[in-house]
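A.B. asks: Submitted below is the structure of interest, expressed as structure tokens.
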Amino acid sequence: MINKNWNVHKFGGTSVLNADRFRNVYKILTHRHSQRTELYCKEGPKALVVSAMKGVTDDLIQAVVGAEKQDEGYKSLLQKIWNRHQNEITNLLTAADFREPLLEALKKDFTELHEILRGVWLVQSASQTIFNQVSGMGEVWSAQILNAYLKSEGRKTQWLDARDVLIVSSSGGRIIVNWEKSKVQLESHLKKIDSLNELEFLVITGFVAREESGAVTTLGRNGSDYSASIFGSLFHSQEIVIWTDVDGVLSADPRWVPEAVLLDEMSYSEVTELAYFGAKVVHPATMAPAIELSIPIWIRNSLKPEVRGTCIHKNAKSDRQVKGFSTIDKISLLNLEGTGMVGVPGVAERLFGALRSAGVNVVLISQASSEQSICLAIEESQGPLARKAIEQAFALEIQKNLIQPLQITNDISILAAVGDNMRHTPGIAGRFFTALGQSGISVRAIAQGSSERNISAVIDTKDAVKALRTVHSSFVLPHLNMSLGLIGTGLIGSTFLKQLSEQTENLKTSKKINIQVRAIANSKKMWLSENEIPLQNWKEGFERYAQSLDLKKLSHHLQSHYIPHSVLIEATASSSLTPNYVNWLNQGLHLISPNKKANTGSFLEYKEIRQAMQKSQRHFLYSTNVGAGLPIIQTLRDLKATGDEIIEIEGILSGTLSYIFNEFSGTFFSKIVCLAKEKGYTEPDPREDLSGQDVVRKLVILAREIQMPLEVNEVEVMGLVPEKMQCLNKDEFMARIQELDDQMEKRWMAAKEKNEILRFVASIDSSGKAKVGLKNLPHHHVFSKVTGTDNIVLFKTRRYFHQPLVIQGPGAGPEVTAAGVFADLLRLSQYLGAPL
Ligand code: ADP
Ligand code: ASP
Ligand code: MG
């Protein structure tokens with residue numbers, strides 16, 4: 001009776017959203033989209049399973065709920081649904097012959113609906129049958145609309161109401177198809193169609209069916225996909241094409257993971273697992289009917305029919321270990337524990353038996369191997385039902401304190417990774433949980449299906465999107481996402497933004513690092529942006545959108561719920577932000593700072609920051625604190641870590657003072673200082689440099705790097721700012737800066753007479769003796785070889801004893817310092833697992 005070349009096409013809610021989309025469906029069915037043969041709609045009659053227009057099912061359900069609550073709003077909701085259908089039909093069907101009978105039929109349905117809901121209103125309750133009957137009406141209407149439209153286009157088409165054909169029953173929340181009866185019903189229905197052999201289309205209502213009792217039912221939310229595969233099986237379809245609003249099955253829901261990729265091929269079981277764990281792209285039951293007959297299922301985009309889509313079939317191959325990720329929300333976690341469960345056979349059986357009898361669907365189970373506790377996840381709405389069932393089943397044990405009262409935690413989500421190739425591939429779970437750990441996501445329970453086709457983690461719903469993006473980026477198209485904030489828009493901060501903006505694209509494509517600047521602040525204002533700030537013209541945006549600085553808000557904003565890693569760059573010159581470092585780390589931010597203040601507070605404060613780093617597992621990078629972009633701190637760390645012994649560190653650590661003394665030839669010292677300031681080589685107040693304080697800080701940082709608890713005030717310092725000029729404000733000092741000239745000229749002349757040069761040198765030895773000041777050096781000394789803003793450091797160590805290890809190069813200036821900050825950012829991304 002059923003010939004061999006039927007094909008089933010299913011059109012989801014967005015594919016039949018309005019008149020235009022119905023026209024689009026027609027185009028898909030009758031046009032060729034590409035030269036690739038598999039993209040043609042196959043020859044032969046087509047069964048077209050349709051969903052309700054998007055949103056209609058929700059509105060119908062809302063209307064029933066409203067009527068139950070005696071909320072008058074249900075009437076206007078019905079009116080809205082009617083208006084929508086009437087408008088789209090009028091738009092689609094210009095010929096009255098096709099339009100009017102359809103409008104008549106729908107009007108009749110609406111009159112009946114009003115009556116049904118009036119009844120619900122009166123008794124303030126709707127039976128399951130009424131609920132099912134009403135919620136399935138959207139499909140009944142959209143199928144008739146498509147049928148009328150195809151007819152109006154001269155096509156040979158018929159409408160099949162699945163409520164007359166599909167017989168199902170339900171058990172434990174699952175729909176079971178009565179294949180025998182449904183087949184008989186379908187055949188008898190087809191028999192009644194005149195010239196069946198010439199039929200081009202049979203338009204079928206998705207979602208709806210009938211119970212053995214005769215009551216109308218549905219296949220559950222999103223059930224039209226299931227309708228499609230049931231009819232695919234009944235028709236022995238060559239293939240089943242599910243047309244939706246995405247290009248196919250993607251590696252994750254694109255609403256949460258925009259970088260998700262299209263999966264060309266999948267196995268039936270992979271899709272089933274993914275759908276079971278929340279991927280709404282198909283209903284989880286869809287695969288089963290197709291598996292039996294090995295019918296390939298295509299998932300394709302009705303708005304982009306030129307895209308090939310995903311083919312789900314028996315022999316799907318893939319080189320990926322993990323194919324996709326999904327999350328289910330609105331989950332509750334149940335934890336039953338107690339000594340009374342250890343070694344007692346049948347506890348699990350009783351527990352699950354009780355839940356089964358109460359009709360509670362268990363989504364995930366995880367049992368500790370000690371048998372002390374069983375942890376399981378259920379749908380949140382079934383929490384009260386589950387509590388009642390479990391407390392009844394274990395009443396005796398609870399009463400005797402053998403089992404503790406049941407704990408239920410709400411606002412839980414399950415994150416699942418799915419892929420056939422996960423089997424036999426070691427290390428997948430390790431990578432999965434490491435990625436979650438690095439993003440600071442705590443995992444409440446773990447389950448791995450015995451098929452090893454999935455790993456699931458139970459997490460808090462507030463972390464769900466971030467977790468999804470984290471694991472997605474560590475497996476699929478490995479890349480690293482960072483949410484970045486900058487405080488300090490001075491020379492270094494703005495140069496850094498410029499450098500970053502020039503590299504953003506390159507980092508994305510070649511290094512797979514996606515850095516999204518989402519906050520920019522100065523000492524008074526901040527601009528917080530949900531989306532990536534366009535760095536080319538951040539200044540305009542800042543002018544426009546900046547609000548008053550609120551550090552709490554800024555830190556909270558940076559920790560986006562969907563970006564795995566958050567970084568704050570503190571590029572101010574002030575010490576006012578130092579007290580926030582510990583909190584920032586504890587809140588989960590990684591820190592990068594060219595500002596030396598946080599590292600040069602008391603040693604106790606320094607230690608507190610290290611403890612916070614350890615506790616929060618967050619990084620604080622500050623390689624630019626000494627030598628700007630030069631690898632001074634890193635080298636010292638490496639020497640120490642590899643067991644070398646530091647005997648002495650000596651160097652010119654101030655690019656500013658280096659520049660000043662390289663340029664100074666006896667006269668106009670103050671002019672050289674002003675020039676250095678103009679070039680951006682000095683701190684905003686040049687006395688920070690001239691006093692030697694900046695060098696002192698650097699020396700203290702180096703000392704602390706090798707575990708010497710040196711304090712700033714323990715460094716012997718001979719600065720260049722006379723006492724009388726120390727208490728002036730910055731402007732007063734700049735106005736009187738020439739007063740330095742005399743004294744400096746004298747020192748220079750004295751040195752010259754002895755054939756010596758002047759250099760501002762810092763040193764520390766293994767006993768902790770630390771000195772900073774202007775030094776007379778023989779003219780051939782290695783420090784005489786520096787030029788410009790060069791820094792130079794000599795590390796005299798046990799290994800580098802006769803010839804010290806020397807690092808030399810420009811050590812000041814916005815370009816090199818900003819580049820050093822940038823390098824810290826890239827270093828951080830590597831620590832966080834960015835692909836090399
Ligand atoms: P239809 O109305 O066509 O049945 P649905 O809205 O039910 O469409 O399903 C399509 C939606 O499923 C997509 O818009 C997408 O947001 C969501 N989705 C969830 N997970 C995935 C995934 N892994 N791949 C593709 N889409 C997904
Ligand atoms: N219209 C139904 C729903 O919204 C069925 C479906 O679209 O698959 O759940
Ligand atoms: Mg759907």
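To be explicit about the labels: the chains of the structure tokens are called A, B, and onward in the order shown, and within each one the residues are counted from 1, while ligands get numbers from 1 in the order they are shown.
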Please identify the residues whose atoms come within 9 Å of ligand 1, using only C-alpha atoms and all ligand atoms, and report them as a count of residues only.
C.D. replies: 51
A.B. asks: Quick one: distance from atom CA of A:Ser784 to atom CA of A:Gln743 in Å, one decimal?
C.D. replies: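 Answer for the atom CA of A:Ser784 to atom CA of A:Gln743 separation: 21.6 Å.
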A.B. asks: Would you pick out the contacts of stretch 706-715 of chain A at 7 Å or less, using only C-alpha atoms, so that residues sharing its chain but fewer than 2 positions from it are not included, and give the list as number ranges by chain?
C.D. replies: A: 600, 602-603, 640, 696-697, 700, 702-704, 717, 770-771
A.B. asks: Take the residues from that selection and write them out as a short mmCIF file (atom, residue, chain, number, x, y, z; two decimals), in the first residue's frame, keeping C-alpha atoms.
C.D. replies:
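File again-v5.cif, as written:
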data_model
loop_
_atom_site.label_atom_id
_atom_site.label_comp_id
_atom_site.auth_asym_id
_atom_site.auth_seq_id
_atom_site.Cartn_x
_atom_site.Cartn_y
_atom_site.Cartn_z
CA THR A 600 55.78 47.41 47.52
CA SER A 602 54.49 46.17 53.65
CA PHE A 603 55.86 42.64 53.34
CA LYS A 640 66.01 30.91 41.74
CA VAL A 696 63.74 51.61 45.62
CA ARG A 697 60.43 49.96 44.79
CA VAL A 700 62.27 45.75 46.82
CA LEU A 702 63.44 42.01 43.04
CA ALA A 703 64.42 41.21 46.63
CA ARG A 704 60.98 39.83 47.43
CA VAL A 717 68.63 55.73 49.46
CA ALA A 770 70.15 47.29 49.73
CA LYS A 771 71.35 50.64 48.37
#
A.B. asks: Using only C-alpha atoms and all ligand atoms, which of A:Thr489, A:Asn599, A:Thr129, A:Thr286 sits nearest ligand 3?
C.D. replies: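 Result for the nearest residue to ligand 3: A:Thr286.
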A.B. asks: Go through stretch 43-220 of chain A and collect every residue that DSSP, computed from the backbone, puts in strand (DSSP E or B); the answer should be as a ChimeraX atom specification.
C.D. replies: /A:46-50,157-160,167-171,174-177,201-205,208-211,216-218
A.B. asks: For A:Ser413, work out the shell of residues within 12 Å, counting only C-alpha atoms and skipping chain neighbours fewer than 4 positions away, then give it as a VMD selection string.
C.D. replies: chain A and resid 277 to 278 326 to 333 363 to 364 377 to 380 409 442 to 446 456 to 468
A.B. asks: Would you output that residue set with N, CA and C atoms, as an mmCIF file, in the first residue's frame?
C.D. replies:
data_model
loop_
_atom_site.group_PDB
_atom_site.id
_atom_site.type_symbol
_atom_site.label_atom_id
_atom_site.label_comp_id
_atom_site.auth_asym_id
_atom_site.auth_seq_id
_atom_site.Cartn_x
_atom_site.Cartn_y
_atom_site.Cartn_z
ATOM 1 N N PHE A 277 20.162 15.673 26.987
ATOM 2 C CA PHE A 277 20.772 16.639 27.898
ATOM 3 C C PHE A 277 20.494 18.075 27.464
ATOM 4 N N GLY A 278 19.387 18.297 26.808
ATOM 5 C CA GLY A 278 18.900 19.667 26.656
ATOM 6 C C GLY A 278 19.059 20.320 25.306
ATOM 7 N N SER A 326 25.856 20.241 25.899
ATOM 8 C CA SER A 326 24.547 20.852 26.142
ATOM 9 C C SER A 326 24.302 20.974 27.638
ATOM 10 N N THR A 327 23.295 21.732 27.960
ATOM 11 C CA THR A 327 22.942 21.894 29.382
ATOM 12 C C THR A 327 21.440 21.719 29.549
ATOM 13 N N ILE A 328 21.063 21.172 30.691
ATOM 14 C CA ILE A 328 19.641 21.190 31.059
ATOM 15 C C ILE A 328 19.544 22.026 32.322
ATOM 16 N N ASP A 329 18.597 22.960 32.318
ATOM 17 C CA ASP A 329 18.371 23.795 33.489
ATOM 18 C C ASP A 329 17.156 23.280 34.255
ATOM 19 N N LYS A 330 16.803 24.023 35.289
ATOM 20 C CA LYS A 330 15.638 23.709 36.129
ATOM 21 C C LYS A 330 15.720 22.286 36.677
ATOM 22 N N ILE A 331 16.880 21.992 37.242
ATOM 23 C CA ILE A 331 17.122 20.670 37.817
ATOM 24 C C ILE A 331 17.256 20.821 39.331
ATOM 25 N N SER A 332 16.838 19.793 40.054
ATOM 26 C CA SER A 332 17.106 19.753 41.498
ATOM 27 C C SER A 332 18.025 18.579 41.766
ATOM 28 N N LEU A 333 18.905 18.784 42.737
ATOM 29 C CA LEU A 333 19.822 17.715 43.113
ATOM 30 C C LEU A 333 19.350 17.132 44.439
ATOM 31 N N VAL A 363 16.979 12.128 36.048
ATOM 32 C CA VAL A 363 17.770 12.561 34.898
ATOM 33 C C VAL A 363 19.200 12.035 34.984
ATOM 34 N N LEU A 364 19.730 11.954 36.199
ATOM 35 C CA LEU A 364 21.138 11.553 36.352
ATOM 36 C C LEU A 364 21.343 10.970 37.743
ATOM 37 N N ALA A 377 19.703 13.581 40.129
ATOM 38 C CA ALA A 377 19.143 14.828 39.613
ATOM 39 C C ALA A 377 17.775 14.557 39.013
ATOM 40 N N ILE A 378 16.837 15.441 39.332
ATOM 41 C CA ILE A 378 15.483 15.318 38.766
ATOM 42 C C ILE A 378 15.040 16.693 38.273
ATOM 43 N N GLU A 379 13.926 16.730 37.565
ATOM 44 C CA GLU A 379 13.420 18.033 37.136
ATOM 45 C C GLU A 379 12.930 18.781 38.361
ATOM 46 N N GLU A 380 13.217 20.091 38.401
ATOM 47 C CA GLU A 380 12.894 20.882 39.592
ATOM 48 C C GLU A 380 11.416 20.797 39.955
ATOM 49 N N THR A 409 18.591 20.427 46.552
ATOM 50 C CA THR A 409 19.158 21.726 46.155
ATOM 51 C C THR A 409 18.557 22.116 44.816
ATOM 52 N N SER A 442 32.448 25.358 40.323
ATOM 53 C CA SER A 442 32.495 24.193 41.205
ATOM 54 C C SER A 442 31.472 23.155 40.742
ATOM 55 N N VAL A 443 31.923 21.918 40.788
ATOM 56 C CA VAL A 443 31.115 20.807 40.292
ATOM 57 C C VAL A 443 30.512 20.093 41.490
ATOM 58 N N ARG A 444 29.191 19.949 41.500
ATOM 59 C CA ARG A 444 28.514 19.349 42.659
ATOM 60 C C ARG A 444 28.434 17.829 42.568
ATOM 61 N N ALA A 445 28.324 17.305 41.376
ATOM 62 C CA ALA A 445 28.285 15.852 41.193
ATOM 63 C C ALA A 445 28.714 15.541 39.771
ATOM 64 N N ILE A 446 29.129 14.309 39.597
ATOM 65 C CA ILE A 446 29.656 13.902 38.294
ATOM 66 C C ILE A 446 28.980 12.600 37.902
ATOM 67 N N SER A 456 28.839 13.931 32.386
ATOM 68 C CA SER A 456 27.985 15.027 32.839
ATOM 69 C C SER A 456 28.483 15.572 34.158
ATOM 70 N N ALA A 457 28.343 16.881 34.297
ATOM 71 C CA ALA A 457 28.714 17.540 35.550
ATOM 72 C C ALA A 457 27.502 18.301 36.048
ATOM 73 N N VAL A 458 27.243 18.177 37.332
ATOM 74 C CA VAL A 458 26.118 18.917 37.915
ATOM 75 C C VAL A 458 26.686 20.207 38.499
ATOM 76 N N ILE A 459 26.147 21.328 38.044
ATOM 77 C CA ILE A 459 26.704 22.626 38.449
ATOM 78 C C ILE A 459 25.578 23.584 38.822
ATOM 79 N N ASP A 460 25.915 24.723 39.393
ATOM 80 C CA ASP A 460 24.887 25.717 39.700
ATOM 81 C C ASP A 460 24.451 26.397 38.402
ATOM 82 N N THR A 461 23.149 26.679 38.308
ATOM 83 C CA THR A 461 22.641 27.275 37.072
ATOM 84 C C THR A 461 23.329 28.603 36.767
ATOM 85 N N LYS A 462 23.703 29.341 37.808
ATOM 86 C CA LYS A 462 24.356 30.644 37.554
ATOM 87 C C LYS A 462 25.679 30.466 36.786
ATOM 88 N N ASP A 463 26.265 29.287 36.859
ATOM 89 C CA ASP A 463 27.542 29.051 36.159
ATOM 90 C C ASP A 463 27.363 28.358 34.805
ATOM 91 N N ALA A 464 26.101 28.057 34.439
ATOM 92 C CA ALA A 464 25.889 27.126 33.322
ATOM 93 C C ALA A 464 26.471 27.611 31.990
ATOM 94 N N VAL A 465 26.207 28.864 31.637
ATOM 95 C CA VAL A 465 26.655 29.320 30.317
ATOM 96 C C VAL A 465 28.183 29.414 30.274
ATOM 97 N N LYS A 466 28.722 29.909 31.376
ATOM 98 C CA LYS A 466 30.179 30.018 31.450
ATOM 99 C C LYS A 466 30.817 28.626 31.325
ATOM 100 N N ALA A 467 30.219 27.661 32.009
ATOM 101 C CA ALA A 467 30.747 26.297 31.980
ATOM 102 C C ALA A 467 30.656 25.737 30.563
ATOM 103 N N LEU A 468 29.523 25.983 29.925
ATOM 104 C CA LEU A 468 29.307 25.490 28.568
ATOM 105 C C LEU A 468 30.380 26.055 27.637
#
